[in-house]
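Chemist: Handing over my_file23.pdb, PDB, C-alpha atoms and all ligand atoms.
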MODEL        1
ATOM      1  CA  MET A   1      -1.615  12.890   8.908  1.00  0.00           C
ATOM      2  CA  LEU A   2      -3.479  11.605   5.878  1.00  0.00           C
ATOM      3  CA  THR A   3      -5.405  14.835   5.505  1.00  0.00           C
ATOM      4  CA  ARG A   4      -2.110  16.742   5.682  1.00  0.00           C
ATOM      5  CA  VAL A   5      -0.708  14.779   2.749  1.00  0.00           C
ATOM      6  CA  LEU A   6      -3.854  15.420   0.744  1.00  0.00           C
ATOM      7  CA  LYS A   7      -3.438  19.097   1.531  1.00  0.00           C
ATOM      8  CA  TYR A   8       0.085  18.978   0.051  1.00  0.00           C
ATOM      9  CA  LEU A   9      -1.459  17.858  -3.214  1.00  0.00           C
ATOM     10  CA  GLU A  10      -3.208  21.207  -3.467  1.00  0.00           C
ATOM     11  CA  GLU A  11       0.160  22.965  -3.358  1.00  0.00           C
ATOM     12  CA  ASP A  12       1.753  24.094  -6.597  1.00  0.00           C
ATOM     13  CA  HIS A  13       5.231  22.629  -7.036  1.00  0.00           C
ATOM     14  CA  VAL A  14       6.993  23.233 -10.336  1.00  0.00           C
ATOM     15  CA  CYS A  15      10.634  22.589 -11.178  1.00  0.00           C
ATOM     16  CA  PRO A  16      12.446  25.895 -11.900  1.00  0.00           C
ATOM     17  CA  HIS A  17      14.830  24.063 -14.259  1.00  0.00           C
ATOM     18  CA  CYS A  18      12.366  22.307 -16.552  1.00  0.00           C
ATOM     19  CA  LYS A  19       8.976  23.833 -15.564  1.00  0.00           C
ATOM     20  CA  GLN A  20       7.513  20.370 -15.049  1.00  0.00           C
ATOM     21  CA  GLU A  21       5.297  19.571 -12.111  1.00  0.00           C
ATOM     22  CA  LEU A  22       7.087  17.876  -9.223  1.00  0.00           C
ATOM     23  CA  THR A  23       6.084  14.409  -8.025  1.00  0.00           C
ATOM     24  CA  LEU A  24       5.143  13.689  -4.422  1.00  0.00           C
ATOM     25  CA  CYS A  25       7.439  10.956  -3.060  1.00  0.00           C
ATOM     26  CA  ASN A  26       8.029   9.317   0.290  1.00  0.00           C
ATOM     27  CA  ALA A  27      11.154  10.780   1.852  1.00  0.00           C
ATOM     28  CA  PRO A  28      14.061   8.341   2.010  1.00  0.00           C
ATOM     29  CA  PRO A  29      14.969   7.115   5.492  1.00  0.00           C
ATOM     30  CA  VAL A  30      17.629   9.280   7.093  1.00  0.00           C
ATOM     31  CA  HIS A  31      20.941   7.569   7.741  1.00  0.00           C
ATOM     32  CA  VAL A  32      21.912   7.450  11.381  1.00  0.00           C
ATOM     33  CA  GLY A  33      24.752   9.882  12.021  1.00  0.00           C
ATOM     34  CA  ASP A  34      23.829  11.887   8.975  1.00  0.00           C
ATOM     35  CA  GLY A  35      22.330  14.549  11.174  1.00  0.00           C
ATOM     36  CA  LEU A  36      20.236  15.654   8.252  1.00  0.00           C
ATOM     37  CA  GLY A  37      16.557  14.896   8.521  1.00  0.00           C
ATOM     38  CA  TRP A  38      14.205  16.179   5.853  1.00  0.00           C
ATOM     39  CA  GLY A  39      11.785  17.221   8.562  1.00  0.00           C
ATOM     40  CA  SER A  40       9.056  15.796   6.378  1.00  0.00           C
ATOM     41  CA  GLU A  41       7.840  12.332   5.498  1.00  0.00           C
ATOM     42  CA  TYR A  42       7.227  13.530   1.952  1.00  0.00           C
ATOM     43  CA  LEU A  43       9.197  15.369  -0.697  1.00  0.00           C
ATOM     44  CA  PHE A  44       8.238  16.926  -4.000  1.00  0.00           C
ATOM     45  CA  ILE A  45      10.838  15.816  -6.560  1.00  0.00           C
ATOM     46  CA  CYS A  46      11.426  16.564 -10.239  1.00  0.00           C
ATOM     47  CA  LEU A  47      11.554  13.100 -11.816  1.00  0.00           C
ATOM     48  CA  ASN A  48      11.877  14.425 -15.345  1.00  0.00           C
ATOM     49  CA  ASN A  49      14.881  12.740 -16.973  1.00  0.00           C
ATOM     50  CA  GLU A  50      15.086  15.591 -19.518  1.00  0.00           C
ATOM     51  CA  CYS A  51      15.352  18.172 -16.714  1.00  0.00           C
ATOM     52  CA  SER A  52      18.486  20.298 -17.301  1.00  0.00           C
ATOM     53  CA  LEU A  53      19.610  19.934 -13.671  1.00  0.00           C
ATOM     54  CA  PHE A  54      19.445  16.159 -13.924  1.00  0.00           C
ATOM     55  CA  ALA A  55      20.764  15.891 -17.494  1.00  0.00           C
ATOM     56  CA  ASN A  56      23.792  18.142 -16.825  1.00  0.00           C
ATOM     57  CA  GLY A  57      24.425  16.795 -13.330  1.00  0.00           C
ATOM     58  CA  TRP A  58      26.154  13.648 -14.533  1.00  0.00           C
ATOM     59  CA  LYS A  59      29.054  15.489 -16.099  1.00  0.00           C
ATOM     60  CA  TYR A  60      29.273  17.940 -13.189  1.00  0.00           C
ATOM     61  CA  ILE A  61      29.512  15.188 -10.551  1.00  0.00           C
ATOM     62  CA  GLU A  62      31.944  13.201 -12.686  1.00  0.00           C
ATOM     63  CA  ASP A  63      34.184  16.281 -13.001  1.00  0.00           C
ATOM     64  CA  GLN A  64      33.833  17.416  -9.386  1.00  0.00           C
ATOM     65  CA  TYR A  65      33.818  14.133  -7.486  1.00  0.00           C
ATOM     66  CA  GLY A  66      34.874  11.521 -10.000  1.00  0.00           C
ATOM     67  CA  HIS A  67      31.892   9.267  -9.415  1.00  0.00           C
ATOM     68  CA  VAL A  68      28.632   8.445 -11.140  1.00  0.00           C
ATOM     69  CA  GLY A  69      25.643  10.476 -10.077  1.00  0.00           C
ATOM     70  CA  SER A  70      23.466  13.476 -10.786  1.00  0.00           C
ATOM     71  CA  TYR A  71      21.011  15.852  -9.094  1.00  0.00           C
ATOM     72  CA  ARG A  72      17.266  15.872  -8.723  1.00  0.00           C
ATOM     73  CA  TYR A  73      15.499  19.090  -7.838  1.00  0.00           C
ATOM     74  CA  MET A  74      13.400  18.822  -4.688  1.00  0.00           C
ATOM     75  CA  GLU A  75      11.077  20.869  -2.485  1.00  0.00           C
ATOM     76  CA  ILE A  76       9.845  20.198   1.054  1.00  0.00           C
ATOM     77  CA  PRO A  77       6.034  20.179   1.197  1.00  0.00           C
ATOM     78  CA  GLY A  78       4.461  22.988   3.175  1.00  0.00           C
ATOM     79  CA  SER A  79       7.651  25.051   3.121  1.00  0.00           C
ATOM     80  CA  LYS A  80       9.835  27.174   0.860  1.00  0.00           C
ATOM     81  CA  GLU A  81      12.871  24.926   1.271  1.00  0.00           C
ATOM     82  CA  THR A  82      14.399  23.584  -1.934  1.00  0.00           C
ATOM     83  CA  TYR A  83      17.359  21.301  -2.538  1.00  0.00           C
ATOM     84  CA  ASN A  84      19.386  19.779  -5.304  1.00  0.00           C
ATOM     85  CA  MET A  85      19.656  16.241  -4.093  1.00  0.00           C
ATOM     86  CA  MET A  86      22.422  13.940  -5.232  1.00  0.00           C
ATOM     87  CA  VAL A  87      21.198  10.668  -6.702  1.00  0.00           C
ATOM     88  CA  ALA A  88      23.168   7.644  -7.824  1.00  0.00           C
ATOM     89  CA  GLY A  89      20.984   6.781 -10.782  1.00  0.00           C
ATOM     90  CA  ARG A  90      17.850   7.375 -12.821  1.00  0.00           C
ATOM     91  CA  ASP A  91      15.688   5.115 -10.717  1.00  0.00           C
ATOM     92  CA  ALA A  92      16.256   6.827  -7.389  1.00  0.00           C
ATOM     93  CA  PHE A  93      12.800   7.719  -5.991  1.00  0.00           C
ATOM     94  CA  THR A  94      10.808   6.157  -8.811  1.00  0.00           C
ATOM     95  CA  GLY A  95       9.964   3.384  -6.306  1.00  0.00           C
ATOM     96  CA  SER A  96       8.802   5.811  -3.644  1.00  0.00           C
ATOM     97  CA  ILE A  97       6.250   7.812  -5.634  1.00  0.00           C
ATOM     98  CA  VAL A  98       3.182   8.332  -3.437  1.00  0.00           C
ATOM     99  CA  ASP A  99       0.143   6.460  -4.727  1.00  0.00           C
ATOM    100  CA  ILE A 100      -2.339   9.323  -4.684  1.00  0.00           C
ATOM    101  CA  GLU A 101      -5.395   7.241  -5.613  1.00  0.00           C
ATOM    102  CA  GLU A 102      -4.560   4.865  -2.770  1.00  0.00           C
ATOM    103  CA  LEU A 103      -4.176   7.814  -0.392  1.00  0.00           C
ATOM    104  CA  LYS A 104      -7.565   9.157  -1.395  1.00  0.00           C
ATOM    105  CA  LYS A 105      -9.105   5.741  -0.828  1.00  0.00           C
ATOM    106  CA  GLN A 106      -7.496   5.517   2.612  1.00  0.00           C
ATOM    107  CA  ASN A 107      -8.725   8.984   3.420  1.00  0.00           C
ATOM    108  CA  LYS A 108     -12.288   8.099   2.412  1.00  0.00           C
ATOM    109  CA  ARG A 109     -12.184   5.031   4.642  1.00  0.00           C
ATOM    110  CA  TYR A 110     -10.782   7.085   7.504  1.00  0.00           C
ATOM    111  CA  GLN A 111     -13.534   9.703   7.172  1.00  0.00           C
ATOM    112  CA  GLU A 112     -16.161   6.954   7.259  1.00  0.00           C
ATOM    113  CA  GLU A 113     -14.564   5.453  10.339  1.00  0.00           C
ATOM    114  CA  LYS A 114     -14.688   8.850  12.059  1.00  0.00           C
ATOM    115  CA  LYS A 115     -18.343   9.254  11.094  1.00  0.00           C
ATOM    116  CA  ALA A 116     -19.225   5.842  12.533  1.00  0.00           C
ATOM    117  CA  GLU A 117     -17.223   6.591  15.682  1.00  0.00           C
ATOM    118  CA  ALA A 118     -19.143   9.834  16.157  1.00  0.00           C
ATOM    119  CA  LYS A 119     -22.455   7.967  15.949  1.00  0.00           C
ATOM    120  CA  LEU A 120     -21.362   5.367  18.508  1.00  0.00           C
ATOM    121  CA  PRO A 121     -22.355   7.155  21.753  1.00  0.00           C
ATOM    122  CA  ALA A 122     -25.979   7.591  20.617  1.00  0.00           C
ATOM    123  CA  CYS A 123     -26.432   4.235  18.929  1.00  0.00           C
ATOM    124  CA  LEU A 124     -28.068   2.483  21.928  1.00  0.00           C
ATOM    125  CA  GLU A 125     -30.562   5.280  22.273  1.00  0.00           C
ATOM    126  CA  ASN A 126     -31.254   5.225  18.524  1.00  0.00           C
ATOM    127  CA  ASN A 127     -31.214   1.445  18.303  1.00  0.00           C
ATOM    128  CA  ASP A 128     -28.670   1.923  15.545  1.00  0.00           C
ATOM    129  CA  LEU A 129     -26.647  -1.183  14.715  1.00  0.00           C
ATOM    130  CA  GLU A 130     -25.102   0.309  11.581  1.00  0.00           C
ATOM    131  CA  PRO A 131     -22.103   2.241  13.033  1.00  0.00           C
ATOM    132  CA  VAL A 132     -21.344  -0.666  15.383  1.00  0.00           C
ATOM    133  CA  LEU A 133     -21.260  -3.103  12.471  1.00  0.00           C
ATOM    134  CA  PHE A 134     -19.308  -0.704  10.292  1.00  0.00           C
ATOM    135  CA  LEU A 135     -16.520  -0.406  12.873  1.00  0.00           C
ATOM    136  CA  LEU A 136     -16.449  -4.115  13.699  1.00  0.00           C
ATOM    137  CA  LEU A 137     -16.178  -5.076  10.033  1.00  0.00           C
ATOM    138  CA  ASP A 138     -13.482  -2.496   9.257  1.00  0.00           C
ATOM    139  CA  GLU A 139     -10.133  -4.121   9.995  1.00  0.00           C
ATOM    140  CA  ALA A 140      -8.342  -0.812   9.450  1.00  0.00           C
ATOM    141  CA  ALA A 141     -10.378   0.998  12.104  1.00  0.00           C
ATOM    142  CA  ASN A 142      -8.906   1.818  15.512  1.00  0.00           C
ATOM    143  CA  ILE A 143      -8.935  -1.313  17.673  1.00  0.00           C
ATOM    144  CA  ASP A 144     -10.051   0.463  20.861  1.00  0.00           C
ATOM    145  CA  VAL A 145     -13.026   1.968  19.057  1.00  0.00           C
ATOM    146  CA  ARG A 146     -13.866  -1.441  17.605  1.00  0.00           C
ATOM    147  CA  LYS A 147     -13.757  -2.965  21.092  1.00  0.00           C
ATOM    148  CA  LYS A 148     -16.071  -0.232  22.314  1.00  0.00           C
ATOM    149  CA  ALA A 149     -18.428  -1.124  19.452  1.00  0.00           C
ATOM    150  CA  ALA A 150     -18.246  -4.829  20.382  1.00  0.00           C
ATOM    151  CA  GLY A 151     -19.241  -3.906  23.931  1.00  0.00           C
ATOM    152  CA  MET A 152     -22.523  -2.487  22.602  1.00  0.00           C
ATOM    153  CA  LEU A 153     -23.654  -5.599  20.735  1.00  0.00           C
ATOM    154  CA  ILE A 154     -25.429  -7.262  23.678  1.00  0.00           C
ATOM    155  CA  SER A 155     -27.334  -4.110  24.616  1.00  0.00           C
ATOM    156  CA  LEU A 156     -28.396  -3.596  20.992  1.00  0.00           C
ATOM    157  CA  ASN A 157     -29.580  -7.201  21.043  1.00  0.00           C
ATOM    158  CA  ASP A 158     -30.123  -7.283  17.280  1.00  0.00           C
ATOM    159  CA  LEU A 159     -30.100 -10.671  15.536  1.00  0.00           C
ATOM    160  CA  GLU A 160     -29.217  -8.838  12.305  1.00  0.00           C
ATOM    161  CA  CYS A 161     -25.624  -8.486  13.491  1.00  0.00           C
ATOM    162  CA  ILE A 162     -24.974 -12.229  13.536  1.00  0.00           C
ATOM    163  CA  GLU A 163     -24.642 -13.048   9.838  1.00  0.00           C
ATOM    164  CA  PRO A 164     -22.229 -10.231   8.891  1.00  0.00           C
ATOM    165  CA  LEU A 165     -20.108 -10.791  11.993  1.00  0.00           C
ATOM    166  CA  ARG A 166     -19.940 -14.556  11.531  1.00  0.00           C
ATOM    167  CA  SER A 167     -18.963 -14.050   7.884  1.00  0.00           C
ATOM    168  CA  HIS A 168     -16.125 -11.685   8.785  1.00  0.00           C
ATOM    169  CA  SER A 169     -12.636 -12.882   9.587  1.00  0.00           C
ATOM    170  CA  PHE A 170     -11.160 -10.948  12.491  1.00  0.00           C
ATOM    171  CA  ARG A 171      -7.431 -10.423  12.649  1.00  0.00           C
ATOM    172  CA  ASP A 172      -7.597  -9.593  16.355  1.00  0.00           C
ATOM    173  CA  THR A 173      -8.459 -12.785  18.239  1.00  0.00           C
ATOM    174  CA  SER A 174      -9.526 -11.077  21.460  1.00  0.00           C
ATOM    175  CA  LEU A 175     -11.982  -8.906  19.516  1.00  0.00           C
ATOM    176  CA  GLU A 176     -13.251 -12.014  17.742  1.00  0.00           C
ATOM    177  CA  GLN A 177     -13.788 -13.747  21.097  1.00  0.00           C
ATOM    178  CA  GLU A 178     -15.692 -10.765  22.419  1.00  0.00           C
ATOM    179  CA  VAL A 179     -17.903 -10.742  19.315  1.00  0.00           C
ATOM    180  CA  ASN A 180     -18.550 -14.489  19.583  1.00  0.00           C
ATOM    181  CA  MET A 181     -19.523 -14.139  23.235  1.00  0.00           C
ATOM    182  CA  ALA A 182     -21.866 -11.295  22.377  1.00  0.00           C
ATOM    183  CA  ILE A 183     -23.489 -13.392  19.636  1.00  0.00           C
ATOM    184  CA  SER A 184     -24.047 -16.265  22.088  1.00  0.00           C
ATOM    185  CA  ALA A 185     -25.635 -13.860  24.572  1.00  0.00           C
ATOM    186  CA  ILE A 186     -27.912 -12.352  21.900  1.00  0.00           C
ATOM    187  CA  LEU A 187     -29.012 -15.825  20.761  1.00  0.00           C
ATOM    188  CA  THR A 188     -29.780 -16.828  24.362  1.00  0.00           C
ATOM    189  CA  LYS A 189     -31.815 -13.677  24.903  1.00  0.00           C
ATOM    190  CA  HIS A 190     -33.891 -14.552  21.828  1.00  0.00           C
ATOM    191  CA  TYR A 191     -34.204 -18.258  22.794  1.00  0.00           C
ATOM    192  CA  MET A 192     -32.400 -19.088  19.560  1.00  0.00           C
ATOM    193  CA  LYS A 193     -29.393 -21.091  18.428  1.00  0.00           C
ATOM    194  CA  GLU A 194     -27.455 -21.597  15.202  1.00  0.00           C
ATOM    195  CA  CYS A 195     -27.911 -24.884  13.389  1.00  0.00           C
ATOM    196  CA  PRO A 196     -24.476 -26.544  13.446  1.00  0.00           C
ATOM    197  CA  PHE A 197     -25.103 -27.910   9.925  1.00  0.00           C
ATOM    198  CA  CYS A 198     -26.577 -25.014   7.917  1.00  0.00           C
ATOM    199  CA  ALA A 199     -25.874 -22.086  10.302  1.00  0.00           C
ATOM    200  CA  GLU A 200     -29.480 -20.843  10.087  1.00  0.00           C
ATOM    201  CA  LEU A 201     -31.016 -19.431  13.256  1.00  0.00           C
ATOM    202  CA  ILE A 202     -33.508 -21.789  14.865  1.00  0.00           C
ATOM    203  CA  LYS A 203     -35.338 -22.119  18.171  1.00  0.00           C
ATOM    204  CA  ALA A 204     -33.120 -23.206  21.043  1.00  0.00           C
ATOM    205  CA  ARG A 205     -35.618 -26.002  21.792  1.00  0.00           C
ATOM    206  CA  ALA A 206     -35.609 -27.420  18.228  1.00  0.00           C
ATOM    207  CA  LYS A 207     -34.564 -31.050  17.846  1.00  0.00           C
ATOM    208  CA  VAL A 208     -34.708 -30.974  14.056  1.00  0.00           C
ATOM    209  CA  CYS A 209     -33.555 -28.037  11.931  1.00  0.00           C
ATOM    210  CA  LYS A 210     -36.474 -26.518  10.029  1.00  0.00           C
ATOM    211  CA  HIS A 211     -34.113 -25.345   7.304  1.00  0.00           C
ATOM    212  CA  CYS A 212     -31.934 -28.359   6.554  1.00  0.00           C
ATOM    213  CA  SER A 213     -33.996 -31.065   8.343  1.00  0.00           C
ATOM    214  CA  LYS A 214     -30.924 -32.426  10.103  1.00  0.00           C
ATOM    215  CA  ASP A 215     -31.351 -34.144  13.415  1.00  0.00           C
ATOM    216  CA  LEU A 216     -29.860 -32.007  16.159  1.00  0.00           C
ATOM    217  CA  ASP A 217     -29.658 -34.556  18.958  1.00  0.00           C
TER
HETATM  218 ZN    ZN A 301      13.141  19.592 -13.465  1.00  0.00          ZN
HETATM  219 ZN    ZN A 302     -29.867 -26.572   9.609  1.00  0.00          ZN
ENDMDL
END
Please lay out the structure from this file as structure tokens.

Modeler:
Amino acid sequence: MLTRVLKYLEEDHVCPHCKQELTLCNAPPVHVGDGLGWGSEYLFICLNNECSLFANGWKYIEDQYGHVGSYRYMEIPGSKETYNMMVAGRDAFTGSIVDIEELKKQNKRYQEEKKAEAKLPACLENNDLEPVLFLLLDEAANIDVRKKAAGMLISLNDLECIEPLRSHSFRDTSLEQEVNMAISAILTKHYMKECPFCAELIKARAKVCKHCSKDLD
């Protein structure tokens, strides 16, 4: 879906009334019973207040319908459909302009998630902790994929995973539990434990922490 929106941005949409470039906006929610859906989550709209359609629309609507309003020119992305849409004021749609930089950022994150997901099946064979950590630390990544990644922690048996995972705050408590259990298992396999005072990794048998010198009894 994200890639589709970014594709829309490559389309050329110019207002025939004022020759200005149209702005990509989120489509307004369709009123129940209206029967008219835009058929698109996004619309290209002329938001130019000097646009002749918009500037002359006020008088036209006043004369025709006796109420306050005007028209904005609009095109449906990925199609040839165009509309003159009635608006009640200047600010209609200015709050629903699509944040393109944000979209690009989201898309970049999504591509990285997909890359990490693709590396997941081979990561045990390659002893590759990186995609597993990437997915576990990415709160926006697909939860099922993240759970799959969590399931690989014990087999990877890499102490390097502990610090980043302990420092991360998980929104999903069941994923967090799974990660904590995996960390305990990895520590046991290495005959290690975490110092309850300084959180450094120490021998399971230690009675005094070699890092903070606290008594562990
Ligand atoms: Zn225009
Ligand atoms: Zn300590």

Chemist: Let me know the residues the PyMOL selection byres (((not hetatm)) within 7 of (chain A and resi 302)) catches in the file above, as a tab-separated table (two decimals) with C-alpha atoms, keeping the file's coordinate frame.

Modeler:
chain	number	residue	atom	x	y	z
A	195	CYS	CA	-27.91	-24.88	13.39
A	196	PRO	CA	-24.48	-26.54	13.45
A	197	PHE	CA	-25.10	-27.91	9.93
A	198	CYS	CA	-26.58	-25.01	7.92
A	199	ALA	CA	-25.87	-22.09	10.30
A	200	GLU	CA	-29.48	-20.84	10.09
A	209	CYS	CA	-33.56	-28.04	11.93
A	210	LYS	CA	-36.47	-26.52	10.03
A	211	HIS	CA	-34.11	-25.34	7.30
A	212	CYS	CA	-31.93	-28.36	6.55
A	213	SER	CA	-34.00	-31.06	8.34
A	214	LYS	CA	-30.92	-32.43	10.10

Chemist: What is the CA of Ala88 in chain A to CA of Lys19 in chain A distance in Å?

Modeler: 22.9 Å

Chemist: Kindly work out which residues sit at most 9 Å from ligand ZN 301 (chain A), using only C-alpha atoms and all ligand atoms, and give the list as a list in words.

Modeler: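 Going residue by residue within 9 Å of ligand ZN 301 (chain A), we get Val14, Cys15, Pro16, His17, Cys18, Lys19, Gln20, Glu21, Leu22, Ile45, Cys46, Leu47, Asn48, Asn49, Glu50, Cys51, Ser52, Leu53, Phe54, Arg72, Tyr73 and Met74 of chain A.
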
Chemist: Can you give me, as a list in words, the residues this file yields under the PyMOL selection byres (((chain A and resi 38-44) around 8) and not hetatm)?

Modeler: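 That expression, the PyMOL selection byres (((chain A and resi 38-44) around 8) and not hetatm), corresponds here to His13, Leu22, Thr23, Leu24, Cys25, Asn26, Ala27, Val30, Leu36, Gly37, Ile45, Cys46, Met74, Glu75, Ile76 and Pro77 of chain A.
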
Chemist: If we count all atoms listed in the file, what is near range 164-167 of chain A at a cut-off of 8 Å, once residues fewer than 3 positions away on the same chain are taken out, given as JSON, numbers by chain?

Modeler: {"A": [133, 136, 137, 160, 161, 179]}

Chemist: Kindly resolve the PyMOL selection byres (((chain A and resi 192) around 8) and not hetatm) on the present coordinates and return the residues as an NGL selection string.

Modeler: :A and (187-191 or 193-194 or 201-205)

Chemist: Could the residues in this selection be saved with C-alpha atoms as a PDB file, in the coordinates of the input?

Modeler:
ATOM      1  CA  LEU A 187     -29.012 -15.825  20.761  1.00  0.00           C
ATOM      2  CA  THR A 188     -29.780 -16.828  24.362  1.00  0.00           C
ATOM      3  CA  LYS A 189     -31.815 -13.677  24.903  1.00  0.00           C
ATOM      4  CA  HIS A 190     -33.891 -14.552  21.828  1.00  0.00           C
ATOM      5  CA  TYR A 191     -34.204 -18.258  22.794  1.00  0.00           C
ATOM      6  CA  LYS A 193     -29.393 -21.091  18.428  1.00  0.00           C
ATOM      7  CA  GLU A 194     -27.455 -21.597  15.202  1.00  0.00           C
ATOM      8  CA  LEU A 201     -31.016 -19.431  13.256  1.00  0.00           C
ATOM      9  CA  ILE A 202     -33.508 -21.789  14.865  1.00  0.00           C
ATOM     10  CA  LYS A 203     -35.338 -22.119  18.171  1.00  0.00           C
ATOM     11  CA  ALA A 204     -33.120 -23.206  21.043  1.00  0.00           C
ATOM     12  CA  ARG A 205     -35.618 -26.002  21.792  1.00  0.00           C
TER      13      ARG A 205
END

Chemist: When you count all atoms listed in the file, which of these residues is closest to Gly78 in chain A: A:Asp91, A:Asp12, A:Asp99, A:Glu62?

Modeler: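 Once distances to Gly78 in chain A are computed over all atoms listed in the file, the minimum belongs to A:Asp12.
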
Chemist: Could you pull the residues within 12 Å of Asp172 in chain A, counting only C-alpha atoms, minus those fewer than 6 positions along the same chain, as a PyMOL selection string?

Modeler: chain A and resi 136-144+146-147+178-179

Chemist: Quick check, in Å to one decimal: how far apart do CA of Met86 in chain A and CA of Arg4 in chain A lie?

Modeler: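 A separation of 27.0 Å between them.
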
Chemist: Let me have the centre and edge lengths of the axis-aligned box enclosing all listed atoms of range 147-165 of chain A with 8 Å padding on every side, in Å to one decimal, as JSON.

Modeler:
{"center_x": -21.9, "center_y": -6.6, "center_z": 16.8, "size_x": 32.4, "size_y": 28.8, "size_z": 31.7}
